[in-house]
$ cat data.txt   # compact mmCIF, C-alpha atoms
# COMPACT_ATOMS: atom_id res chain seq x y z
CA MET A 1 0.84 -17.48 32.52
CA SER A 2 0.46 -13.87 33.44
CA SER A 3 1.39 -12.84 29.95
CA SER A 4 1.91 -9.20 30.86
CA SER A 5 5.56 -9.86 31.58
CA SER A 6 8.22 -12.16 32.91
CA ASN A 7 9.83 -11.44 36.27
CA ASN A 8 12.22 -9.13 34.46
CA GLY A 9 9.60 -7.41 32.34
CA ILE A 10 8.89 -7.70 28.63
CA ILE A 11 11.83 -7.75 26.26
CA GLY A 12 10.14 -7.93 22.90
CA GLY A 13 10.86 -7.96 19.22
CA PHE A 14 8.68 -7.97 16.10
CA TRP A 15 9.70 -10.48 13.43
CA PRO A 16 8.69 -9.43 9.86
CA SER A 17 7.50 -12.61 8.15
CA TRP A 18 8.14 -11.10 4.69
CA TYR A 19 11.88 -11.28 5.43
CA ALA A 20 11.67 -15.04 6.03
CA SER A 21 13.82 -15.99 3.04
CA SER A 22 16.82 -14.06 4.41
CA ASN A 23 15.83 -14.08 8.08
CA PRO A 24 14.05 -17.38 8.83
CA PRO A 25 12.52 -18.17 12.22
CA SER A 26 15.56 -20.29 13.06
CA SER A 27 17.69 -17.11 12.94
CA ILE A 28 15.68 -15.36 15.68
CA PRO A 29 18.06 -14.93 18.67
CA LYS A 30 15.40 -15.98 21.16
CA LEU A 31 17.71 -15.70 24.17
CA TYR A 32 17.46 -11.91 23.77
CA TYR A 33 13.66 -11.88 24.11
CA THR A 34 10.80 -12.79 26.40
CA HIS A 35 8.18 -12.03 23.73
CA VAL A 36 8.52 -12.31 19.94
CA PHE A 37 5.73 -11.06 17.65
CA TYR A 38 4.96 -12.71 14.30
CA ALA A 39 4.23 -9.78 11.96
CA PHE A 40 1.61 -9.68 10.47
CA VAL A 41 -1.73 -11.29 9.75
CA ASN A 42 -4.96 -9.41 8.97
CA PRO A 43 -8.72 -9.92 8.89
CA ASP A 44 -10.11 -10.89 5.50
CA PRO A 45 -13.33 -9.09 4.46
CA GLY A 46 -14.07 -12.00 2.11
CA THR A 47 -14.45 -14.48 5.00
CA ASN A 48 -16.39 -12.34 7.48
CA TYR A 49 -13.12 -10.91 8.80
CA LYS A 50 -11.56 -14.17 9.84
CA LEU A 51 -7.77 -14.03 9.84
CA LYS A 52 -6.12 -14.63 6.49
CA ILE A 53 -3.25 -17.10 6.81
CA ASP A 54 -0.74 -17.03 3.94
CA ASN A 55 1.90 -19.45 5.17
CA GLU A 56 0.90 -22.14 7.67
CA GLY A 57 4.32 -23.79 7.60
CA LEU A 58 6.08 -20.56 8.47
CA MET A 59 3.82 -19.97 11.47
CA HIS A 60 4.46 -23.48 12.78
CA GLU A 61 8.18 -22.99 12.23
CA PHE A 62 8.06 -19.70 14.15
CA THR A 63 6.33 -21.04 17.25
CA CYS A 64 8.30 -24.29 17.25
CA HIS A 65 11.60 -22.41 17.21
CA LEU A 66 10.58 -20.11 20.04
CA HIS A 67 9.39 -23.01 22.20
CA SER A 68 12.28 -25.37 21.45
CA ASN A 69 14.98 -26.42 23.93
CA ASN A 70 12.95 -25.39 26.96
CA SER A 71 12.96 -21.77 25.85
CA SER A 72 10.81 -19.44 27.93
CA ALA A 73 10.23 -17.03 25.03
CA LYS A 74 6.57 -16.35 24.26
CA ALA A 75 5.28 -16.37 20.69
CA PHE A 76 2.68 -13.71 19.91
CA LEU A 77 0.59 -13.34 16.78
CA ALA A 78 0.63 -9.70 15.65
CA ILE A 79 -2.55 -8.62 13.84
CA GLY A 80 -2.72 -5.43 11.77
CA GLY A 81 0.46 -3.41 11.81
CA ALA A 82 2.48 -1.71 9.14
CA THR A 83 -0.05 -1.22 6.37
CA ASP A 84 -1.43 1.80 4.55
CA GLU A 85 -3.28 3.99 7.06
CA GLU A 86 -6.47 4.40 5.02
CA ALA A 87 -6.65 0.74 3.97
CA GLN A 88 -6.01 -0.54 7.47
CA ASN A 89 -8.58 1.74 9.05
CA GLU A 90 -11.17 0.78 6.43
CA ALA A 91 -10.71 -2.95 7.08
CA PHE A 92 -10.67 -2.71 10.86
CA SER A 93 -13.52 -0.22 10.98
CA ALA A 94 -15.73 -2.47 8.86
CA MET A 95 -14.92 -5.45 11.07
CA ALA A 96 -15.24 -3.68 14.43
CA CYS A 97 -18.42 -1.68 13.80
CA LYS A 98 -20.75 -4.66 14.35
CA GLN A 99 -20.83 -7.16 17.20
CA LYS A 100 -21.43 -10.02 14.76
CA THR A 101 -18.30 -9.35 12.68
CA ARG A 102 -16.25 -8.65 15.80
CA GLY A 103 -17.35 -12.08 16.97
CA TYR A 104 -16.18 -13.78 13.77
CA PHE A 105 -12.83 -12.02 14.01
CA ILE A 106 -12.34 -12.89 17.69
CA GLU A 107 -13.33 -16.52 17.21
CA SER A 108 -10.88 -16.81 14.32
CA THR A 109 -8.12 -15.07 16.28
CA ILE A 110 -8.35 -17.52 19.18
CA GLU A 111 -8.67 -20.50 16.83
CA VAL A 112 -5.57 -19.50 14.83
CA ALA A 113 -3.53 -18.73 17.95
CA ARG A 114 -4.27 -22.17 19.37
CA LYS A 115 -3.82 -24.04 16.09
CA TYR A 116 -0.33 -22.70 15.50
CA GLY A 117 0.88 -22.72 19.09
CA PHE A 118 0.94 -19.01 19.93
CA ASP A 119 0.97 -17.83 23.54
CA GLY A 120 -0.95 -14.63 22.82
CA VAL A 121 -2.08 -12.04 20.31
CA ASN A 122 -1.20 -8.39 19.71
CA LEU A 123 -3.72 -6.09 18.04
CA GLY A 124 -2.28 -3.33 15.85
CA TRP A 125 -5.24 -1.23 14.74
CA GLU A 126 -3.04 1.83 14.70
CA PHE A 127 -5.38 4.52 13.36
CA PRO A 128 -8.96 4.34 14.68
CA TYR A 129 -10.79 7.32 13.15
CA GLY A 130 -13.04 9.54 15.21
CA GLU A 131 -15.06 8.82 18.31
CA GLU A 132 -16.78 5.89 16.58
CA GLY A 133 -13.44 4.27 15.78
CA MET A 134 -12.25 4.57 19.36
CA ASN A 135 -15.53 3.20 20.71
CA ASN A 136 -15.31 0.23 18.34
CA LEU A 137 -11.71 -0.42 19.39
CA VAL A 138 -12.78 -0.52 23.02
CA SER A 139 -15.68 -2.88 22.21
CA LEU A 140 -13.33 -5.13 20.25
CA LEU A 141 -10.80 -5.34 23.08
CA ALA A 142 -13.50 -5.87 25.71
CA GLU A 143 -15.06 -8.72 23.75
CA LEU A 144 -11.65 -10.23 22.97
CA ARG A 145 -10.81 -10.19 26.68
CA LEU A 146 -14.08 -11.92 27.59
CA ALA A 147 -13.61 -14.55 24.87
CA VAL A 148 -10.00 -15.27 25.82
CA ASP A 149 -10.91 -15.65 29.50
CA LYS A 150 -13.88 -17.89 28.64
CA GLU A 151 -11.83 -20.11 26.31
CA ALA A 152 -9.15 -20.68 28.94
CA HIS A 153 -11.74 -21.47 31.61
CA GLN A 154 -13.60 -23.94 29.39
CA THR A 155 -10.56 -25.74 28.00
CA GLY A 156 -8.12 -25.55 30.90
CA ASN A 157 -5.53 -24.08 28.55
CA THR A 158 -3.18 -21.39 29.74
CA LYS A 159 -4.85 -18.08 29.01
CA LEU A 160 -3.75 -16.34 25.82
CA GLY A 161 -2.01 -13.03 26.42
CA ILE A 162 -3.38 -9.84 24.88
CA GLY A 163 -1.26 -6.91 23.76
CA VAL A 164 -2.05 -3.83 21.71
CA SER A 165 0.17 -1.53 19.64
CA VAL A 166 -0.53 2.19 19.86
CA PHE A 167 0.72 5.59 18.70
CA PHE A 168 3.53 7.08 20.79
CA ALA A 169 1.04 9.37 22.61
CA PRO A 170 -2.67 8.95 23.42
CA ASP A 171 -3.61 11.94 21.28
CA LEU A 172 -3.71 10.54 17.76
CA SER A 173 -4.73 13.93 16.40
CA LEU A 174 -1.03 14.80 16.58
CA MET A 175 -0.76 12.63 13.46
CA SER A 176 -4.15 13.03 11.75
CA SER A 177 -7.09 15.38 12.13
CA LYS A 178 -9.35 12.37 11.53
CA CYS A 179 -8.25 10.75 14.79
CA ARG A 180 -9.15 11.24 18.42
CA VAL A 181 -7.63 10.58 21.83
CA TYR A 182 -7.34 6.96 22.94
CA PRO A 183 -9.44 6.13 26.03
CA ALA A 184 -6.20 5.06 27.65
CA GLU A 185 -7.42 3.82 31.02
CA VAL A 186 -10.25 1.80 29.48
CA ILE A 187 -7.93 0.14 26.96
CA ALA A 188 -5.35 -0.66 29.62
CA ALA A 189 -7.96 -2.52 31.67
CA LYS A 190 -8.62 -4.94 28.77
CA VAL A 191 -5.04 -5.86 27.81
CA ASP A 192 -1.96 -7.31 29.48
CA PHE A 193 0.44 -4.80 27.97
CA ILE A 194 0.61 -1.87 25.56
CA ASN A 195 3.35 -1.63 22.92
CA VAL A 196 4.01 2.08 22.47
CA MET A 197 5.46 2.91 19.04
CA CYS A 198 8.17 5.35 20.15
CA TYR A 199 9.63 5.98 16.69
CA ASP A 200 8.91 7.54 13.29
CA TYR A 201 8.73 11.04 14.72
CA ALA A 202 10.30 12.20 11.45
CA GLY A 203 10.71 10.69 8.00
CA HIS A 204 9.98 10.86 4.28
CA TRP A 205 6.56 12.43 4.88
CA ASP A 206 8.40 15.69 5.65
CA THR A 207 11.54 16.19 3.60
CA SER A 208 11.92 19.91 4.28
CA ARG A 209 14.08 19.39 7.38
CA THR A 210 16.02 16.59 8.99
CA GLY A 211 14.69 15.15 12.24
CA SER A 212 15.33 12.61 14.96
CA ILE A 213 13.21 9.54 14.29
CA ALA A 214 13.03 8.47 17.94
CA ALA A 215 14.00 11.44 20.13
CA LEU A 216 13.83 10.68 23.83
CA TYR A 217 13.46 14.42 24.48
CA ASN A 218 12.53 17.26 22.15
CA ASN A 219 12.53 20.90 23.21
CA SER A 220 10.92 22.12 19.99
CA CYS A 221 7.75 19.99 19.82
CA ASN A 222 5.77 17.17 21.45
CA TYR A 223 7.21 14.45 19.25
CA SER A 224 9.36 12.65 21.80
CA THR A 225 9.29 9.40 23.72
CA SER A 226 9.34 11.11 27.12
CA TYR A 227 6.31 13.23 26.18
CA GLY A 228 4.35 10.24 24.88
CA ILE A 229 5.10 7.95 27.81
CA HIS A 230 4.21 10.71 30.27
CA LYS A 231 0.87 11.25 28.51
CA TRP A 232 0.00 7.55 28.57
CA ILE A 233 0.69 7.44 32.31
CA GLU A 234 -1.24 10.67 32.82
CA GLY A 235 -4.12 9.07 30.90
CA GLY A 236 -4.41 6.29 33.46
CA VAL A 237 -2.25 3.46 32.11
CA PRO A 238 -0.28 1.63 34.82
CA ARG A 239 3.43 2.10 34.19
CA GLU A 240 4.07 -1.64 34.26
CA LYS A 241 1.75 -2.15 31.27
CA LEU A 242 3.70 0.23 29.01
CA VAL A 243 6.32 -1.34 26.72
CA MET A 244 8.58 1.20 25.00
CA GLY A 245 9.29 0.70 21.29
CA LEU A 246 12.82 1.11 19.91
CA PRO A 247 13.86 1.30 16.22
CA LEU A 248 16.46 -0.93 14.58
CA TYR A 249 16.46 1.22 11.45
CA GLY A 250 17.22 4.72 10.26
CA ARG A 251 15.39 7.40 8.24
CA THR A 252 17.29 9.41 5.66
CA TRP A 253 17.31 12.89 4.11
CA LYS A 254 19.14 14.78 1.38
CA LEU A 255 20.66 17.96 2.81
CA LYS A 256 20.14 21.29 1.08
CA ASP A 257 23.63 22.34 2.19
CA ARG A 258 26.21 19.74 3.20
CA ASN A 259 27.74 22.24 5.63
CA ASN A 260 24.44 22.77 7.48
CA ASN A 261 24.01 19.26 8.83
CA GLY A 262 22.48 19.20 12.31
CA ILE A 263 19.07 17.99 13.43
CA GLY A 264 16.52 20.34 11.86
CA ALA A 265 18.81 21.31 8.98
CA PRO A 266 17.10 22.23 5.67
CA ALA A 267 16.63 19.24 3.36
CA VAL A 268 15.42 18.74 -0.20
CA GLY A 269 14.34 15.10 -0.22
CA THR A 270 15.16 11.65 1.06
CA GLY A 271 18.64 10.18 1.14
CA PRO A 272 20.02 6.65 0.67
CA GLN A 273 17.73 3.67 1.15
CA ASP A 274 17.87 -0.12 1.24
CA ASP A 275 15.98 -0.62 -2.02
CA LYS A 276 13.58 1.13 -4.36
CA TYR A 277 10.57 0.20 -2.23
CA THR A 278 11.73 1.61 1.12
CA ILE A 279 11.71 5.38 0.68
CA GLY A 280 14.28 7.02 2.93
CA TYR A 281 14.57 3.89 5.12
CA MET A 282 17.68 1.88 6.05
CA LEU A 283 18.08 -1.14 8.32
CA TYR A 284 20.52 -0.48 11.16
CA HIS A 285 23.15 -2.88 9.85
CA ASN A 286 22.98 -1.13 6.47
CA VAL A 287 23.41 2.25 8.18
CA MET A 288 26.60 0.93 9.79
CA THR A 289 27.84 -0.32 6.42
CA PHE A 290 26.98 2.99 4.76
CA ASN A 291 28.82 4.95 7.45
CA GLU A 292 31.92 2.81 6.99
CA ILE A 293 31.96 2.82 3.19
CA HIS A 294 31.38 6.57 2.93
CA ASP A 295 33.53 7.54 5.93
CA ALA A 296 30.49 9.34 7.32
CA THR A 297 30.68 11.75 10.24
CA VAL A 298 28.80 10.19 13.16
CA GLU A 299 27.23 12.47 15.77
CA TYR A 300 25.58 11.68 19.10
CA ASP A 301 23.01 14.32 20.01
CA LYS A 302 22.67 14.64 23.78
CA GLU A 303 19.56 16.83 23.59
CA THR A 304 17.42 14.26 21.78
CA VAL A 305 19.42 11.18 22.87
CA SER A 306 19.86 9.96 19.31
CA TYR A 307 22.46 9.50 16.58
CA TYR A 308 22.80 10.95 13.14
CA SER A 309 25.44 10.60 10.46
CA HIS A 310 26.21 12.56 7.32
CA ALA A 311 28.37 12.08 4.25
CA GLY A 312 28.16 14.81 1.63
CA THR A 313 24.48 15.67 1.41
CA ASN A 314 23.34 12.26 2.70
CA TRP A 315 21.95 12.41 6.24
CA ILE A 316 20.64 9.55 8.45
CA SER A 317 18.86 9.54 11.83
CA TYR A 318 19.00 6.37 13.92
CA ASP A 319 19.70 4.90 17.34
CA GLY A 320 23.08 3.52 18.36
CA GLU A 321 24.41 1.71 21.40
CA LYS A 322 24.68 4.80 23.60
CA SER A 323 21.16 6.08 22.83
CA ILE A 324 19.60 2.62 23.17
CA GLU A 325 21.24 2.19 26.58
CA ALA A 326 19.97 5.61 27.68
CA LYS A 327 16.42 4.90 26.53
CA VAL A 328 16.26 1.52 28.24
CA LYS A 329 17.60 3.09 31.44
CA TYR A 330 14.88 5.73 31.09
CA ALA A 331 12.28 2.94 30.80
CA LYS A 332 13.66 1.34 33.97
CA LYS A 333 13.69 4.64 35.84
CA GLN A 334 10.06 5.22 34.83
CA ARG A 335 9.25 1.66 36.03
CA LEU A 336 7.82 0.69 32.66
CA GLY A 337 6.92 -2.87 31.77
CA GLY A 338 9.77 -3.31 29.29
CA TYR A 339 10.84 -2.50 25.75
CA TYR A 340 10.59 -3.98 22.29
CA PHE A 341 12.41 -3.61 18.96
CA TRP A 342 11.10 -3.02 15.48
CA ALA A 343 12.41 -5.25 14.07
CA ILE A 344 14.30 -8.51 14.52
CA GLY A 345 16.82 -9.08 11.72
CA GLN A 346 17.70 -5.39 11.34
CA ASP A 347 20.48 -5.31 13.95
CA CYS A 348 24.08 -6.12 13.06
CA GLN A 349 25.17 -9.76 13.03
CA ASP A 350 26.74 -9.32 16.46
CA ASN A 351 23.37 -8.12 17.85
CA ARG A 352 25.06 -5.03 19.24
CA LEU A 353 21.95 -2.96 19.92
CA SER A 354 20.01 -5.93 21.28
CA THR A 355 22.94 -6.65 23.60
CA ALA A 356 23.23 -3.01 24.69
CA ALA A 357 19.51 -2.91 25.52
CA LEU A 358 19.53 -6.20 27.39
CA ASN A 359 22.54 -5.22 29.51
CA ALA A 360 20.97 -1.86 30.34
CA TRP A 361 17.70 -3.51 31.33
CA ARG A 362 19.21 -6.21 33.52
CA ASN A 363 21.97 -4.21 35.19
$ encode --input "data.txt" --output "C-alpha cells"
Amino acid sequence: MSSSSSNNGIIGGFWPSWYASSNPPSSIPKLYYTHVFYAFVNPDPGTNYKLKIDNEGLMHEFTCHLHSNNSSAKAFLAIGGATDEEAQNEAFSAMACKQKTRGYFIESTIEVARKYGFDGVNLGWEFPYGEEGMNNLVSLLAELRLAVDKEAHQTGNTKLGIGVSVFFAPDLSLMSSKCRVYPAEVIAAKVDFINVMCYDYAGHWDTSRTGSIAALYNNSCNYSTSYGIHKWIEGGVPREKLVMGLPLYGRTWKLKDRNNNGIGAPAVGTGPQDDKYTIGYMLYHNVMTFNEIHDATVEYDKETVSYYSHAGTNWISYDGEKSIEAKVKYAKKQRLGGYYFWAIGQDCQDNRLSTAALNAWRN
C-alpha cells in the first residue's frame, strides 16, 4: 500500500480509546473514513521506552472492525497525542535523545503494529523543545522510516504507513518560547502524510476574550488554518502530504456582558462543559443539545468561517455544517492530501458533520 492516501485522499478520524465503554470500536462508522487512528499509546520509561499496551482486547477489536466485511479503511496506531505538554515532552525527549532508546521504541512500535493488525503508525510528539528536540524528532523519524522499509523488505509484508501529527504552523514558538521551527521539508521526506492540528486556536488558557477555535481566516493574528497551511507549504511540504484537522467539539467562555457577544468579546472565565474534567470543552453533539435546550442564538461568522452560539452569558465556539463544508472545499482547492476529525464519537448520531465533510470532499 502507498499509505499516504487512497485515490480520493485521506479521510481520517481519531478514535479516543478512553471512550470505549460508550463508543466501542463497533460503533465507528468506517464507511466515512479511509484512515482511523487508535488514540493513544505511549512509550514506557520503565521498559526502555517500549510501547505500553493497556488493553490488548480493545486493540484487536479496533483493527478487526476496521478490516471486516472487505472494508478498505486503514487502522493506524496513534502514539503520543493529547497529554500534558511538559510530561509528554519529557518522555519523548528522554526516549529520542539516544540512538539506543530510539531503537527500542522503534522495534516495539513495529512489533505492536504487526501483532495487533495495524496498517501504520502516527507519531504525535507535539511539543519538541529547542533545536535539540527538533533534531531528535528528525532522527527518530529517519530511523523509523529505515526500520519500516527494512521490515517490509525482509518479511514481504505490506509496508507500514507512517504519519505524524504537528502544530497548525511550522513555527511552534507561536505557542511556547521553549519551542523552535519544525524542519518541515526534512520531516515530510520521512513520512507518508502530516496531520496538521488546525484547531484549539482559542480556549480555556485565555479566558479574557472569546475566540474562534478553528478559524479558517483571521485578520487580527496568525492563528488561522489558512496561515498555518500556507506556512507548511512554504516550508517545503508537498501539498498532497498535508492532512487538515477539523474539530468535532466546541470551546466555551463566560461573557462579561451578555449584550457584547461577538468573537473577541470580553469574557470572565469558561462556560458550560461536558463534565468536571473537561474545562470549557463540549462535544459537538452536546453543543447542539445545549443550543436547543437553552434556545441559544446561533451565529455563522463569515470572516473566520466558524460558528458560535450564546445564551445569556454562555458562549461557545465550534464548527457546523456550513463551516466544515467550506474548510473541506478549501483543502480541495489547495490540493491538500485530505482531512481528519478529532474525534470520532463526538458528532451527532446522524453523523451530520462527517457527512457534510465527505460530500464536500467528493463532489
$ atom_distance --input "data.txt" --atom1 "CA of Pro16 in chain A" --atom2 "CA of Cys198 in chain A"
18.0 Å
$ atom_distance --input "data.txt" --atom1 "CA of Asn136 in chain A" --atom2 "CA of Cys97 in chain A"
5.8 Å
$ closest_residue --input "data.txt" --among "A:Pro128, A:Ile213, A:Leu144, A:Thr278" --to "Ser177 in chain A" --atoms "only C-alpha atoms"
A:Pro128
$ residues_around --input "data.txt" --residues "Leu77 in chain A" --least-positions-apart "6" --cutoff "8 Å" --atoms "all atoms listed in the file" --output "list in words"
Phe37, Tyr38, Ala39, Phe40, Val41, Ala113, Phe118, Gly120, Val121 and Asn122 of chain A
$ closest_atom_pairs --input "data.txt" --of "range 152-195 of chain A" --to "range 227-244 of chain A" --cutoff "9 Å" --atoms "all atoms listed in the file" --output "Markdown table"
| residue | atom | partner | partner_atom | distance |
| --- | --- | --- | --- | --- |
| A:Phe167 | CA | A:Gly228 | CA | 8.5 |
| A:Phe168 | CA | A:Gly228 | CA | 5.2 |
| A:Ala169 | CA | A:Gly228 | CA | 4.1 |
| A:Pro170 | CA | A:Trp232 | CA | 6.0 |
| A:Asp171 | CA | A:Lys231 | CA | 8.5 |
| A:Tyr182 | CA | A:Gly235 | CA | 8.8 |
| A:Pro183 | CA | A:Gly235 | CA | 7.8 |
| A:Ala184 | CA | A:Gly235 | CA | 5.6 |
| A:Glu185 | CA | A:Gly236 | CA | 4.6 |
| A:Val186 | CA | A:Gly236 | CA | 8.4 |
| A:Ile187 | CA | A:Val237 | CA | 8.4 |
| A:Ala188 | CA | A:Val237 | CA | 5.7 |
| A:Ala189 | CA | A:Val237 | CA | 8.3 |
| A:Val191 | CA | A:Lys241 | CA | 8.5 |
| A:Asp192 | CA | A:Lys241 | CA | 6.6 |
| A:Phe193 | CA | A:Lys241 | CA | 4.4 |
| A:Ile194 | CA | A:Leu242 | CA | 5.1 |
| A:Asn195 | CA | A:Val243 | CA | 4.8 |
$ residues_near_point --input "data.txt" --point "(12.3, 22.6, 27.3)" --cutoff "8 Å" --atoms "all atoms listed in the file" --output "PDB file with C-alpha atoms, keeping the file's coordinate frame"
ATOM      1  CA  ASN A 218      12.530  17.260  22.150  1.00  0.00           C
ATOM      2  CA  ASN A 219      12.530  20.900  23.210  1.00  0.00           C
ATOM      3  CA  SER A 220      10.920  22.120  19.990  1.00  0.00           C
TER       4      SER A 220
END
$ atom_distance --input "data.txt" --atom1 "CA of Asn8 in chain A" --atom2 "CA of Trp342 in chain A"
20.0 Å
$ closest_residue --input "data.txt" --among "A:Trp315, A:Tyr116, A:Tyr104, A:Tyr129" --to "Ser176 in chain A" --atoms "all atoms listed in the file"
A:Tyr129
$ residues_around --input "data.txt" --residues "Tyr307 in chain A" --least-positions-apart "5" --cutoff "10 Å" --atoms "all atoms listed in the file" --output "PyMOL selection string"
chain A and resi 212-215+250+263+298-302+316-324
$ residues_around --input "data.txt" --residues "range 10-13 of chain A" --least-positions-apart "3" --cutoff "8 Å" --atoms "only C-alpha atoms" --output "count of residues only"
19
$ closest_residue --input "data.txt" --among "A:Leu246, A:Cys64, A:Met134, A:Val112" --to "Pro43 in chain A" --atoms "only C-alpha atoms"
A:Val112
$ closest_residue --input "data.txt" --among "A:Gly117, A:Gly264, A:Gly312, A:Gly130" --to "Thr158 in chain A" --atoms "only C-alpha atoms"
A:Gly117
$ closest_residue --input "data.txt" --among "A:Gly345, A:Val268, A:Tyr330, A:Gly156" --to "Phe14 in chain A" --atoms "all atoms listed in the file"
A:Gly345
$ residues_around --input "data.txt" --residues "range 85-92 of chain A" --least-positions-apart "2" --cutoff "8 Å" --atoms "all atoms listed in the file" --output "list in words"
Pro43, Pro45, Gly80, Thr83, Ala94, Met95, Ala96, Trp125, Glu126, Phe127, Pro128 and Tyr129 of chain A
